[in-house]
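Source file: structure20.cif; contents: mmCIF, C-alpha atoms.
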```cif
data_protein
#
loop_
_atom_site.label_atom_id
_atom_site.label_comp_id
_atom_site.auth_asym_id
_atom_site.auth_seq_id
_atom_site.Cartn_x
_atom_site.Cartn_y
_atom_site.Cartn_z
CA MET M 1 1.26 18.37 11.82
CA MET M 2 3.50 15.78 10.20
CA THR M 3 6.56 17.17 8.47
CA LEU M 4 9.05 15.66 6.07
CA ARG M 5 12.41 17.06 7.11
CA TYR M 6 15.83 17.35 5.54
CA PRO M 7 18.97 17.28 7.73
CA PHE M 8 19.95 20.78 6.58
CA GLY M 9 16.85 22.37 8.06
CA VAL M 10 14.22 22.62 5.31
CA SER M 11 10.93 20.76 5.71
CA MET M 12 7.53 20.39 4.11
CA PRO M 13 4.05 19.39 5.36
CA MET M 14 3.08 15.80 4.60
CA SER M 15 0.01 13.64 5.09
CA GLU M 16 -1.28 10.28 3.93
CA ALA M 17 -3.49 11.95 1.32
CA ARG M 18 -0.51 13.80 -0.13
CA VAL M 19 1.42 10.56 -0.44
CA TRP M 20 -1.39 8.75 -2.25
CA HIS M 21 -2.47 11.48 -4.62
CA GLN M 22 0.27 14.07 -5.02
CA SER M 23 3.31 11.80 -5.11
CA TRP M 24 2.12 10.25 -8.39
CA THR M 25 1.21 13.45 -10.24
CA PRO M 26 2.79 14.20 -13.66
CA GLN M 27 4.82 17.02 -12.09
CA LEU M 28 6.42 14.64 -9.59
CA ARG M 29 7.10 11.99 -12.22
CA LEU M 30 8.71 14.60 -14.43
CA TYR M 31 10.85 15.77 -11.50
CA PHE M 32 12.05 12.22 -10.81
CA LEU M 33 12.65 11.69 -14.54
CA LEU M 34 14.84 14.80 -14.68
CA PHE M 35 17.18 13.44 -12.04
CA ALA M 36 17.11 9.97 -13.59
CA ILE M 37 18.32 11.55 -16.86
CA ILE M 38 21.05 13.45 -14.98
CA ALA M 39 22.14 10.17 -13.36
CA ALA M 40 22.17 8.41 -16.73
CA LEU M 41 24.28 11.12 -18.35
CA PHE M 42 26.80 11.81 -15.61
CA HIS M 43 27.24 8.58 -13.65
CA PRO M 44 30.91 7.56 -13.09
CA SER M 45 30.59 3.82 -13.85
CA ASP M 46 32.86 2.59 -16.66
CA GLN M 47 31.26 -0.86 -16.36
CA LEU M 48 27.80 0.50 -17.12
CA ALA M 49 29.11 2.77 -19.86
CA SER M 50 30.52 -0.27 -21.66
CA ALA M 51 27.01 -1.66 -22.27
CA SER M 52 24.91 -0.93 -25.34
CA VAL M 53 22.58 2.08 -25.38
CA VAL M 54 19.49 -0.15 -25.28
CA ILE M 55 20.76 -2.02 -22.21
CA GLN M 56 21.54 1.27 -20.47
CA ILE M 57 18.10 2.71 -21.26
CA LEU M 58 16.43 -0.41 -19.85
CA PHE M 59 18.73 -0.24 -16.81
CA TRP M 60 17.68 3.31 -15.98
CA GLY M 61 14.06 2.63 -16.91
CA ILE M 62 13.89 -0.14 -14.32
CA GLY M 63 15.38 2.14 -11.68
CA TYR M 64 12.98 4.94 -12.55
CA LEU M 65 9.91 2.69 -12.37
CA ILE M 66 11.03 1.27 -9.03
CA PHE M 67 11.42 4.77 -7.64
CA ILE M 68 8.06 5.95 -9.00
CA PHE M 69 6.03 3.03 -7.68
CA ALA M 70 7.98 1.97 -4.57
CA TYR M 71 8.85 5.33 -3.02
CA PRO M 72 5.23 6.38 -2.20
CA PHE M 73 4.61 3.10 -0.35
CA ILE M 74 7.89 3.33 1.56
CA LEU M 75 7.20 6.96 2.46
CA LEU M 76 3.67 6.09 3.58
CA GLY M 77 5.03 3.30 5.77
CA CYS M 78 7.52 5.66 7.41
CA LEU M 79 4.80 8.24 8.07
CA ARG M 80 2.49 5.63 9.59
CA VAL M 81 5.26 4.43 11.92
CA ALA M 82 6.00 8.03 12.94
CA GLN M 83 2.32 8.71 13.67
CA ILE M 84 1.91 5.53 15.70
CA ARG M 85 5.01 6.36 17.75
CA GLY M 86 3.90 9.94 18.29
CA TRP M 87 6.65 11.65 16.29
CA SER M 88 5.93 14.96 14.62
CA GLY M 89 7.86 14.16 11.46
CA VAL M 90 10.26 12.00 9.49
CA TYR M 91 13.63 12.76 7.91
CA ILE M 92 13.25 12.31 4.17
CA SER M 93 16.60 10.51 4.00
CA ILE M 94 15.01 7.44 5.65
CA PRO M 95 12.42 6.60 2.96
CA LEU M 96 14.76 7.94 0.27
CA GLU M 97 17.66 5.65 1.17
CA LEU M 98 15.37 2.67 1.66
CA THR M 99 14.14 3.26 -1.89
CA ASN M 100 17.72 3.69 -3.13
CA LEU M 101 18.63 0.40 -1.49
CA LEU M 102 15.74 -1.41 -3.16
CA MET M 103 16.58 0.23 -6.48
CA ALA M 104 20.27 -0.74 -6.19
CA VAL M 105 19.43 -4.39 -5.48
CA MET M 106 16.98 -4.63 -8.37
CA MET M 107 19.26 -2.84 -10.83
CA TYR M 108 22.22 -5.00 -9.79
CA GLY M 109 20.11 -8.09 -10.39
CA TYR M 110 19.23 -6.76 -13.83
CA ALA M 111 22.91 -6.09 -14.57
CA VAL M 112 23.83 -9.65 -13.67
CA ALA M 113 20.92 -11.06 -15.70
CA VAL M 114 21.87 -9.22 -18.91
CA GLY M 115 25.61 -9.75 -18.52
CA LEU M 116 26.75 -6.25 -17.54
CA PRO M 117 30.21 -6.36 -15.96
CA THR M 118 30.04 -6.19 -12.16
CA GLY M 119 33.50 -7.35 -11.15
CA ASP M 120 34.97 -3.96 -10.27
CA LEU M 121 33.70 -3.29 -6.74
CA TRP M 122 35.26 0.18 -6.60
CA ASP M 123 33.35 1.08 -9.74
CA ILE M 124 30.11 -0.13 -8.16
CA ALA M 125 30.85 1.71 -4.90
CA GLY M 126 31.50 4.95 -6.77
CA PHE M 127 28.30 4.51 -8.76
CA VAL M 128 26.21 3.93 -5.60
CA ALA M 129 27.80 6.92 -3.85
CA PHE M 130 27.01 9.10 -6.88
CA ILE M 131 23.35 8.00 -6.85
CA ILE M 132 23.01 8.66 -3.11
CA VAL M 133 24.49 12.16 -3.36
CA LEU M 134 22.42 13.00 -6.45
CA PHE M 135 19.11 11.94 -4.96
CA GLU M 136 19.85 13.57 -1.62
CA LEU M 137 20.40 16.78 -3.59
CA ALA M 138 17.15 16.11 -5.46
CA ALA M 139 15.32 15.72 -2.12
CA PHE M 140 16.70 19.01 -0.81
CA CYS M 141 15.78 20.89 -3.99
CA TYR M 142 12.31 19.39 -3.96
CA ILE M 143 11.54 20.31 -0.35
CA ALA M 144 13.10 23.76 -0.52
CA TYR M 145 11.93 24.88 -3.96
CA ALA M 146 9.79 22.46 -6.01
CA ASP M 147 7.02 21.42 -3.60
CA PRO M 148 5.83 24.98 -2.78
CA VAL M 149 5.65 25.69 -6.53
CA ILE M 150 3.88 22.46 -7.53
CA PHE M 151 1.40 22.41 -4.63
CA PRO M 152 1.00 26.03 -3.45
CA GLU M 153 -2.44 25.34 -1.93
CA VAL M 154 -0.81 23.32 0.86
CA TYR M 155 1.27 26.34 1.88
CA ASP M 156 -1.09 29.23 1.08
CA SER M 157 -4.14 27.88 2.88
CA ALA M 158 -5.14 29.35 6.20
CA THR M 159 -5.06 27.14 9.31
CA PRO M 160 -7.13 27.26 12.51
CA ASP M 161 -4.20 28.83 14.37
CA THR M 162 -3.94 31.76 11.96
CA PRO M 163 -5.11 34.88 13.85
CA ALA M 164 -6.32 36.61 10.68
CA ARG M 165 -7.25 35.32 7.28
CA PRO M 166 -4.81 35.98 4.45
CA ALA M 167 -5.62 38.66 1.90
CA ARG M 168 -6.23 36.00 -0.76
CA GLU M 169 -8.59 33.38 0.61
CA ILE M 170 -8.04 29.89 -0.79
CA ILE M 171 -11.23 28.21 -1.99
CA LEU M 172 -11.56 24.44 -2.21
CA ARG M 173 -11.74 23.58 -5.90
CA GLY M 174 -15.24 22.72 -7.07
CA SER M 175 -16.91 24.61 -4.23
CA THR M 176 -17.32 28.06 -2.70
CA ILE M 177 -16.01 26.95 0.70
CA PRO M 178 -12.65 28.34 1.92
CA VAL M 179 -10.33 25.44 2.78
CA ALA M 180 -9.87 26.84 6.30
CA LEU M 181 -13.62 26.44 6.94
CA VAL M 182 -14.10 22.89 5.68
CA ASP M 183 -15.62 20.74 8.44
CA VAL M 184 -16.23 17.31 6.91
CA VAL M 185 -15.20 15.54 3.71
CA ALA M 186 -17.08 12.28 3.14
CA ALA M 187 -16.55 9.91 0.23
CA GLN M 188 -19.54 9.13 -1.98
CA ASP M 189 -19.99 6.73 -4.90
CA ASN M 190 -18.57 9.06 -7.54
CA GLY M 191 -17.17 11.97 -5.57
CA VAL M 192 -17.19 13.57 -2.13
CA LEU M 193 -19.65 15.54 -0.02
CA VAL M 194 -17.96 18.56 1.56
CA THR M 195 -19.52 20.37 4.54
CA GLY M 196 -18.39 23.76 5.77
CA GLN M 197 -19.45 27.37 6.29
CA GLY M 198 -23.06 26.21 6.59
CA GLN M 199 -22.94 24.64 3.11
CA GLU M 200 -22.96 21.14 1.66
CA VAL M 201 -21.28 20.77 -1.72
CA PHE M 202 -20.86 17.65 -3.84
CA ILE M 203 -17.53 17.52 -5.71
CA THR M 204 -16.97 14.97 -8.46
CA ARG M 205 -13.34 14.25 -7.63
CA PRO M 206 -11.67 11.41 -5.69
CA PHE M 207 -11.78 11.66 -1.90
CA GLY M 208 -8.01 11.54 -1.46
CA LEU M 209 -7.41 14.22 -4.08
CA VAL M 210 -9.79 16.61 -2.30
CA VAL M 211 -8.25 15.88 1.11
CA ALA M 212 -4.77 16.41 -0.35
CA GLU M 213 -5.68 20.05 -1.05
CA LEU M 214 -6.33 20.72 2.63
CA PRO M 215 -3.51 21.85 4.94
CA VAL M 216 -2.14 18.80 6.72
CA ASP M 217 -2.76 20.29 10.18
CA LEU M 218 -6.34 21.36 9.41
CA GLY M 219 -7.92 18.05 10.44
CA PHE M 220 -7.64 14.28 10.66
CA GLN M 221 -8.67 11.44 8.36
CA ILE M 222 -10.46 9.15 10.82
CA HIS M 223 -10.91 6.37 8.29
CA ARG M 224 -10.38 5.79 4.59
CA SER M 225 -13.55 7.59 3.49
CA LEU M 226 -14.00 10.37 6.07
CA TRP M 227 -11.99 13.45 7.03
CA VAL M 228 -13.04 15.92 9.75
CA SER M 229 -11.64 19.30 10.73
CA ARG M 230 -9.43 19.67 13.76
CA ASN M 231 -12.10 21.53 15.77
CA LEU M 232 -14.42 18.55 15.33
CA ALA M 233 -11.79 15.83 15.57
CA LEU M 234 -10.64 17.03 18.98
CA ASN M 235 -14.07 16.29 20.47
CA PHE M 236 -14.50 12.56 20.79
CA VAL M 237 -16.40 9.92 22.76
CA VAL M 238 -15.02 6.60 23.96
CA GLU M 239 -17.38 3.67 24.39
CA GLY M 240 -15.36 0.73 25.60
CA ARG M 241 -12.79 0.11 22.89
CA ARG M 242 -14.59 2.17 20.26
CA HIS M 243 -13.77 5.81 19.53
CA PHE M 244 -16.16 8.31 17.95
CA ILE M 245 -15.91 11.92 16.85
CA GLN M 246 -18.73 13.87 18.50
CA LEU M 247 -20.29 16.59 16.34
CA PRO M 248 -22.14 19.55 17.89
CA ASP M 249 -25.43 18.32 16.40
CA GLY M 250 -25.05 14.96 18.16
CA ARG M 251 -23.85 12.89 15.22
CA ARG M 252 -20.94 10.52 15.77
CA PHE M 253 -18.31 9.37 13.31
CA PRO M 254 -16.36 6.22 14.23
CA ILE M 255 -12.56 6.26 14.15
CA ALA M 256 -11.16 3.23 12.35
CA ARG M 257 -9.47 0.83 14.75
CA SER M 258 -6.32 0.83 12.61
CA ARG M 259 -6.07 4.61 13.04
CA GLN M 260 -6.78 4.90 16.76
CA ALA M 261 -3.11 4.90 17.79
CA GLU M 262 -2.38 7.58 15.17
CA TYR M 263 -5.40 9.55 16.36
CA ARG M 264 -4.26 9.53 20.00
CA ASN M 265 -0.82 10.81 19.04
CA TRP M 266 -2.29 13.37 16.67
CA ARG M 267 -4.56 14.63 19.45
CA MET M 268 -1.63 14.93 21.85
CA LEU M 269 0.26 17.00 19.28
CA ASN M 270 -2.74 19.29 18.68
CA ARG M 271 -4.10 19.32 22.24
CA GLY M 272 -7.39 20.97 23.26
CA GLY M 273 -10.89 19.71 22.67
CA ARG M 274 -12.85 17.52 25.03
CA SER M 275 -13.35 13.81 25.48
CA VAL M 276 -16.15 11.79 27.01
CA ARG M 277 -15.85 8.21 28.22
CA ILE M 278 -18.99 6.13 28.48
#
```

Take the structure I supplied and represent it as structure tokens, if you would.
Amino acid sequence: MMTLRYPFGVSMPMSEARVWHQSWTPQLRLYFLLFAIIAALFHPSDQLASASVVIQILFWGIGYLIFIFAYPFILLGCLRVAQIRGWSGVYISIPLELTNLLMAVMMYGYAVAVGLPTGDLWDIAGFVAFIIVLFELAAFCYIAYADPVIFPEVYDSATPDTPARPAREIILRGSTIPVALVDVVAAQDNGVLVTGQGQEVFITRPFGLVVAELPVDLGFQIHRSLWVSRNLALNFVVEGRRHFIQLPDGRRFPIARSRQAEYRNWRMLNRGGRSVRI
């Protein structure tokens, strides 16, 4: 399982599907907007406060848009590096501060372009320190409190290691299959085909959005259009440089070459299963 950690001990499950499809939801954008408004109202910069209201709104709008659209890509990059190197998680401060750095550079460039005063370096330093502290606080509050409320299915779902099913079984939306029993999710032209519990169900929702509902340690996305459960993903065949997932019925699903390093590290973290080399 990949986790997004905070230095003070709280953490949350994270996967590539969550980055692509949950990081850009209205709830997340509203959460970021809330802290952008707090920053706009309580920042300590006299230089920024001297500008007109329109200039200040554009200033914060640019910063907000950078955070909304850049942060998911930076976070995804950090997760991919962690998976390739075999780490079990990433501290959220790394992608957060990289995004803050990008935002600071772009907003400073905007300030220079529109003629905002930038001569007082202490004022700028205090402003940057305020933004860092505020968004670190936002990250802590999100991991500790907001994420379990916004995406409860990620936390409530049963996992293969759970000795007994929870009293309230979580069903994959659009199907009658419990999320803990999903075996394969395969992308189709206008939806996904989900296999599990002896059923095949077609769901008219994007592949990544369906995968994002599954617990991050329940399986592995072997390429961009196919996800398989952990019990299946741990059984693979190697033919030269090609890797395949071996299903009990004899079918094989190829693992994308770009994901093979991630897959090896994921398998080491999860252990078990069997492998065959041909």

Interatomic distance, CA of Val185 in chain M to CA of Gly250 in chain M (Å, one decimal): 17.5 Å

Need the shell around Ala36 in chain M: protein/DNA/RNA residues with any atom at most 10 Å away, counting all atoms listed in the file. Skip same-chain ones fewer than 2 positions apart. Format as a PDB file with C-alpha atoms, in the frame of the given file?
```pdb
ATOM      1  CA  LEU M  30       8.710  14.600 -14.430  1.00  0.00           C
ATOM      2  CA  TYR M  31      10.850  15.770 -11.500  1.00  0.00           C
ATOM      3  CA  PHE M  32      12.050  12.220 -10.810  1.00  0.00           C
ATOM      4  CA  LEU M  33      12.650  11.690 -14.540  1.00  0.00           C
ATOM      5  CA  LEU M  34      14.840  14.800 -14.680  1.00  0.00           C
ATOM      6  CA  ILE M  38      21.050  13.450 -14.980  1.00  0.00           C
ATOM      7  CA  ALA M  39      22.140  10.170 -13.360  1.00  0.00           C
ATOM      8  CA  ALA M  40      22.170   8.410 -16.730  1.00  0.00           C
ATOM      9  CA  LEU M  41      24.280  11.120 -18.350  1.00  0.00           C
ATOM     10  CA  TRP M  60      17.680   3.310 -15.980  1.00  0.00           C
ATOM     11  CA  GLY M  61      14.060   2.630 -16.910  1.00  0.00           C
ATOM     12  CA  GLY M  63      15.380   2.140 -11.680  1.00  0.00           C
ATOM     13  CA  TYR M  64      12.980   4.940 -12.550  1.00  0.00           C
ATOM     14  CA  PHE M  67      11.420   4.770  -7.640  1.00  0.00           C
ATOM     15  CA  ILE M 131      23.350   8.000  -6.850  1.00  0.00           C
ATOM     16  CA  LEU M 134      22.420  13.000  -6.450  1.00  0.00           C
ATOM     17  CA  PHE M 135      19.110  11.940  -4.960  1.00  0.00           C
TER      18      PHE M 135
END
```

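Using only C-alpha atoms, the nearest neighbour of Ile37 in chain M within the list M:Ile177, M:Met107, M:Ala49, M:Ile57 is M:Ile57.
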
Selection result for the PyMOL selection byres ((chain M and resi 108-117) around 12) on this file, as a PyMOL selection string: chain M and resi 45-52+54-56+58-63+100-107+118-121+123-125+127-128

Exercise: Gly191 in chain M partners within 8 Å, all atoms listed in the file, chain neighbours under 3 positions left out, as a ChimeraX atom specification: /M:187-188,202-207

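What separates CA of Val201 in chain M from CA of Val179 in chain M is a distance of 12.7 Å.
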
Could you spell out the hits of the PyMOL selection byres ((chain M and resi 94) around 12) on the shown file, as an mmCIF file with C-alpha atoms, in the frame of the given file?
```cif
data_model
loop_
_atom_site.group_PDB
_atom_site.id
_atom_site.type_symbol
_atom_site.label_atom_id
_atom_site.label_comp_id
_atom_site.auth_asym_id
_atom_site.auth_seq_id
_atom_site.Cartn_x
_atom_site.Cartn_y
_atom_site.Cartn_z
ATOM 1 C CA LEU M 4 9.050 15.660 6.070
ATOM 2 C CA ARG M 5 12.410 17.060 7.110
ATOM 3 C CA TYR M 6 15.830 17.350 5.540
ATOM 4 C CA PRO M 7 18.970 17.280 7.730
ATOM 5 C CA TYR M 71 8.850 5.330 -3.020
ATOM 6 C CA ILE M 74 7.890 3.330 1.560
ATOM 7 C CA LEU M 75 7.200 6.960 2.460
ATOM 8 C CA LEU M 76 3.670 6.090 3.580
ATOM 9 C CA GLY M 77 5.030 3.300 5.770
ATOM 10 C CA CYS M 78 7.520 5.660 7.410
ATOM 11 C CA LEU M 79 4.800 8.240 8.070
ATOM 12 C CA VAL M 81 5.260 4.430 11.920
ATOM 13 C CA ALA M 82 6.000 8.030 12.940
ATOM 14 C CA GLY M 89 7.860 14.160 11.460
ATOM 15 C CA VAL M 90 10.260 12.000 9.490
ATOM 16 C CA TYR M 91 13.630 12.760 7.910
ATOM 17 C CA ILE M 92 13.250 12.310 4.170
ATOM 18 C CA SER M 93 16.600 10.510 4.000
ATOM 19 C CA PRO M 95 12.420 6.600 2.960
ATOM 20 C CA LEU M 96 14.760 7.940 0.270
ATOM 21 C CA GLU M 97 17.660 5.650 1.170
ATOM 22 C CA LEU M 98 15.370 2.670 1.660
ATOM 23 C CA THR M 99 14.140 3.260 -1.890
ATOM 24 C CA ASN M 100 17.720 3.690 -3.130
ATOM 25 C CA LEU M 101 18.630 0.400 -1.490
ATOM 26 C CA ILE M 132 23.010 8.660 -3.110
ATOM 27 C CA GLU M 136 19.850 13.570 -1.620
ATOM 28 C CA ALA M 139 15.320 15.720 -2.120
#
```

Output of the PyMOL selection byres ((chain M and resi 178) around 9), listed as number ranges by chain: M: 157-158, 169-172, 175-177, 179-182, 196-197

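Across M:Ser11, M:Gln260, M:Gln27, M:Gln22, the tightest approach to Phe220 in chain M is made by M:Gln260 when counting all atoms listed in the file.
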
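The space between CA of Leu247 in chain M and CA of Val19 in chain M spans 28.1 Å.
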
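With distances restricted to all atoms listed in the file, M:Gly86 is the closest residue to Arg264 in chain M from M:Pro44, M:Pro13, M:Gly86, M:Gly208.
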
Which residue of M:Ile150, M:Ala261, M:Ile66, M:Leu214 approaches Met14 in chain M most closely, using all atoms listed in the file: M:Leu214

Selected residue, from M:Pro215, M:Gly174, M:Pro248, M:Gly198, that lies nearest to Glu16 in chain M when counting all atoms listed in the file: M:Pro215

Expected answer as a ChimeraX atom specification: all residues with atoms within 8 Å of (-4.0, 7.4, 8.4), all atoms listed in the file: /M:16,80,221-224,259,262

Could the residues in this selection be written to a file with C-alpha atoms, as a short mmCIF file (atom, residue, chain, number, x, y, z; two decimals), in the frame of the given file?
```
data_model
loop_
_atom_site.label_atom_id
_atom_site.label_comp_id
_atom_site.auth_asym_id
_atom_site.auth_seq_id
_atom_site.Cartn_x
_atom_site.Cartn_y
_atom_site.Cartn_z
CA GLU M 16 -1.28 10.28 3.93
CA ARG M 80 2.49 5.63 9.59
CA GLN M 221 -8.67 11.44 8.36
CA ILE M 222 -10.46 9.15 10.82
CA HIS M 223 -10.91 6.37 8.29
CA ARG M 224 -10.38 5.79 4.59
CA ARG M 259 -6.07 4.61 13.04
CA GLU M 262 -2.38 7.58 15.17
#
```

Proximity to His243 in chain M - best of M:Leu226, M:Ile255, M:Val53, M:Val149, all atoms listed in the file: M:Ile255
